[in-house]
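These notes are about the structure you will find just below.
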Amino acid sequence: MLNEDKLKLMTSIAMFEKREGKAVFPASCYFKSDYISSRMLRSFFYYSFCYLLCLLIWILYSMDWLLNASNLDEVIGMAVRAFLLYAGGLAAYLAVTFFVYRKRYEYARRGMKVYVAKLKRLEKRYEFQSRSKELTKEGIRHDDVSRT
């Protein structure tokens, strides 16, 4: 016989896994600091790679001017400005990354609490059902013994 409460609870758990699973479950495998630092490290490499690609494109575009520049101080000044632009952009990007992934981890943590609470409630329903079945089986055995 189907228990309507258990069925609703199992459906709710399945829907949670389908909707929130990709956002919640990966973050639950880490501590907060590990999760955020791994995402920041990944962002550092992505930003550096993209910056170097953009710098390479700009250098190729400005190759004529760079080769004709007879003043080495101008080239060094541009390199310093490029590094300062990189450092400033990297700091801003990592700050945004930190705040975004901190919020995502907190959201995932709250979601996991809800998920675990639903699983515990389902487990209690199964325990109650198995306990009641055992009691009825024992009651049937005692009734058989008393009849003889």
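Lettering and numbering for the structure tokens are positional, with chains as A, B, ... in the shown order, residues counted from 1 in each chain, and ligands counted from 1 in the shown order.
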
task: For Lys6 of chain A, list every protein, DNA or RNA residue within 10 Å, evaluated using only C-alpha atoms, and leave out those in the same chain fewer than 2 positions away; present the list as a list of chain:residue names.
output: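 With the cut-off at 10 Å, the set is A:Leu2, A:Asn3, A:Glu4, A:Lys8, A:Leu9, A:Met10, A:Thr11, A:Ser12, A:Arg121, A:Leu122, A:Glu123, A:Arg125, A:Tyr126.
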
message: List the spatial neighbours of segment 96-105 of chain A as JSON, numbers by chain - criterion: any atom at most 9 Å away, only C-alpha atoms, same-chain residues fewer than 3 positions off excluded.
response: {"A": [23, 24, 27, 28, 32, 33, 35, 36, 37, 39, 40, 43, 91, 92, 93, 108, 109, 110]}

task: Could you tell me how far atom CA of Met15 of chain A lies from atom CA of Lys113 of chain A, in Å and to one decimal?
output: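 Answer for the atom CA of Met15 of chain A to atom CA of Lys113 of chain A separation: 15.5 Å.
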
message: Ranking A:Leu72, A:Met112, A:Cys50, A:Leu90 by minimum distance to Lys22 of chain A and counting only C-alpha atoms, which one comes first?
response: A:Met112

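The gap separating atom CA of Cys54 of chain A from atom CA of Glu74 of chain A is 20.0 Å, in Å to one decimal.
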
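Our summary of the geometry notes that atom CA of Tyr30 of chain A is positioned 11.9 Å from atom CA of Glu106 of chain A.
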
query: With distances taken over only C-alpha atoms, which of A:Ala82, A:Leu52, A:Val114, A:Val75 is nearest to Ile13 of chain A?
result: A:Val114

message: Counting only C-alpha atoms, which residue out of A:Cys29, A:Leu55, A:Leu7, A:Ala117 sits closest to Leu85 of chain A?
response: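 Smallest separation from Leu85 of chain A among the options: A:Leu55.
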